[in-house]
Amino acid sequence: MSGTTGAAALDLRAWLDEMRDVDELVDITGADRDLEIGAITDLNAKNHGPALLFDEIPGFEGRGRVLSCSLSRPARLAAALGFAPGTTARELVE
């Protein structure tokens, strides 16, 4: 197992695009910060779902986004660290 030297390993935007391309990221718009983001994240984590990117949060439009569950699957963690696709959880630990 060897790391890659691609910019994606250091560029959050590139990583987000890569995760979208492989259905490992879901964009969610308009979720309420007080009632929905936490509940959606909790249910998603319990079901080992994709990473979630919350945008256009009511009252905070244009002031930031919230990324959750970003590294909770080996494939996403491997991509973030610059390892080859298909790197297993065991290989990540080693």
# chains A, B, ... in the order shown; residues from 1 in each chain; ligands from 1
>>> select_by_dssp(residues="region 4-91 of chain A", states="helix (DSSP H, G or I)", output="PyMOL selection string")
chain A and resi 7-9+12-21+37-46+74-81+89-91
>>> residues_around(residues="Glu18 (chain A)", least_positions_apart="6", cutoff="10 Å", atoms="only C-alpha atoms", output="count of residues only")
7
>>> residues_around(residues="region 50-60 of chain A", least_positions_apart="6", cutoff="9 Å", atoms="only C-alpha atoms", output="list in words")
Leu16, Met19, Asp23, Glu24, Leu25, Val26, Asp27, Ile28, Thr29, Gly30, Ala31, Asp32, Arg33, Ile37, Ile40, Thr41, Asn44, Val66, Leu67, Ser68, Cys69, Ser70, Leu71, Ser72, Arg73 and Arg76 of chain A
>>> select_by_dssp(residues="chain A", states="strand (DSSP E)", output="list in words")
Leu25, Val26, Asp27, Ile28, Thr29, Ala51, Leu52, Leu53, Phe54, Asp55, Val66, Leu67 and Ser68 of chain A
>>> write_last_selection(atoms="N, CA, C and O atoms", output="PDB file, in the first residue's frame")
ATOM      1  N   LEU A  25     -20.785  10.977  -1.251  1.00  0.00           N
ATOM      2  CA  LEU A  25     -21.127  12.269  -0.674  1.00  0.00           C
ATOM      3  C   LEU A  25     -22.508  12.675  -1.163  1.00  0.00           C
ATOM      4  O   LEU A  25     -22.818  12.563  -2.349  1.00  0.00           O
ATOM      5  N   VAL A  26     -23.323  13.155  -0.238  1.00  0.00           N
ATOM      6  CA  VAL A  26     -24.655  13.668  -0.570  1.00  0.00           C
ATOM      7  C   VAL A  26     -24.711  15.123  -0.127  1.00  0.00           C
ATOM      8  O   VAL A  26     -24.361  15.449   1.008  1.00  0.00           O
ATOM      9  N   ASP A  27     -25.146  15.997  -1.034  1.00  0.00           N
ATOM     10  CA  ASP A  27     -25.347  17.403  -0.718  1.00  0.00           C
ATOM     11  C   ASP A  27     -26.781  17.596  -0.218  1.00  0.00           C
ATOM     12  O   ASP A  27     -27.724  17.102  -0.847  1.00  0.00           O
ATOM     13  N   ILE A  28     -26.924  18.295   0.889  1.00  0.00           N
ATOM     14  CA  ILE A  28     -28.240  18.555   1.470  1.00  0.00           C
ATOM     15  C   ILE A  28     -28.383  20.063   1.634  1.00  0.00           C
ATOM     16  O   ILE A  28     -27.534  20.705   2.272  1.00  0.00           O
ATOM     17  N   THR A  29     -29.437  20.631   1.063  1.00  0.00           N
ATOM     18  CA  THR A  29     -29.642  22.066   1.179  1.00  0.00           C
ATOM     19  C   THR A  29     -30.867  22.363   2.044  1.00  0.00           C
ATOM     20  O   THR A  29     -31.851  21.636   2.016  1.00  0.00           O
ATOM     21  N   ALA A  51     -20.894  10.501   3.239  1.00  0.00           N
ATOM     22  CA  ALA A  51     -20.591  11.798   3.836  1.00  0.00           C
ATOM     23  C   ALA A  51     -21.726  12.741   3.470  1.00  0.00           C
ATOM     24  O   ALA A  51     -22.379  12.583   2.433  1.00  0.00           O
ATOM     25  N   LEU A  52     -21.980  13.717   4.330  1.00  0.00           N
ATOM     26  CA  LEU A  52     -23.061  14.664   4.104  1.00  0.00           C
ATOM     27  C   LEU A  52     -22.499  16.083   4.103  1.00  0.00           C
ATOM     28  O   LEU A  52     -21.725  16.443   4.993  1.00  0.00           O
ATOM     29  N   LEU A  53     -22.898  16.873   3.121  1.00  0.00           N
ATOM     30  CA  LEU A  53     -22.496  18.270   3.064  1.00  0.00           C
ATOM     31  C   LEU A  53     -23.745  19.135   3.091  1.00  0.00           C
ATOM     32  O   LEU A  53     -24.537  19.148   2.144  1.00  0.00           O
ATOM     33  N   PHE A  54     -23.945  19.816   4.218  1.00  0.00           N
ATOM     34  CA  PHE A  54     -25.114  20.667   4.408  1.00  0.00           C
ATOM     35  C   PHE A  54     -24.782  22.072   3.924  1.00  0.00           C
ATOM     36  O   PHE A  54     -23.754  22.642   4.301  1.00  0.00           O
ATOM     37  N   ASP A  55     -25.674  22.638   3.110  1.00  0.00           N
ATOM     38  CA  ASP A  55     -25.472  23.970   2.554  1.00  0.00           C
ATOM     39  C   ASP A  55     -26.782  24.740   2.639  1.00  0.00           C
ATOM     40  O   ASP A  55     -27.847  24.161   2.844  1.00  0.00           O
ATOM     41  N   VAL A  66     -21.619  22.690   6.462  1.00  0.00           N
ATOM     42  CA  VAL A  66     -21.287  21.707   7.493  1.00  0.00           C
ATOM     43  C   VAL A  66     -21.056  20.369   6.809  1.00  0.00           C
ATOM     44  O   VAL A  66     -21.901  19.885   6.059  1.00  0.00           O
ATOM     45  N   LEU A  67     -19.900  19.765   7.064  1.00  0.00           N
ATOM     46  CA  LEU A  67     -19.563  18.446   6.527  1.00  0.00           C
ATOM     47  C   LEU A  67     -19.609  17.447   7.672  1.00  0.00           C
ATOM     48  O   LEU A  67     -18.991  17.659   8.712  1.00  0.00           O
ATOM     49  N   SER A  68     -20.367  16.360   7.496  1.00  0.00           N
ATOM     50  CA  SER A  68     -20.427  15.338   8.542  1.00  0.00           C
ATOM     51  C   SER A  68     -20.192  13.960   7.946  1.00  0.00           C
ATOM     52  O   SER A  68     -20.362  13.747   6.747  1.00  0.00           O
TER      53      SER A  68
END
>>> atom_distance(atom1="CA of Leu81 (chain A)", atom2="CA of Leu10 (chain A)")
8.1 Å
>>> atom_distance(atom1="CA of Glu94 (chain A)", atom2="CA of Leu77 (chain A)")
13.6 Å
>>> atom_distance(atom1="CA of Arg20 (chain A)", atom2="CA of Gly49 (chain A)")
13.2 Å
>>> residues_around(residues="region 85-91 of chain A", least_positions_apart="2", cutoff="8 Å", atoms="only C-alpha atoms", output="list in words")
Met1, Pro74, Ala75, Ala78, Ala79, Phe83, Val93 and Glu94 of chain A
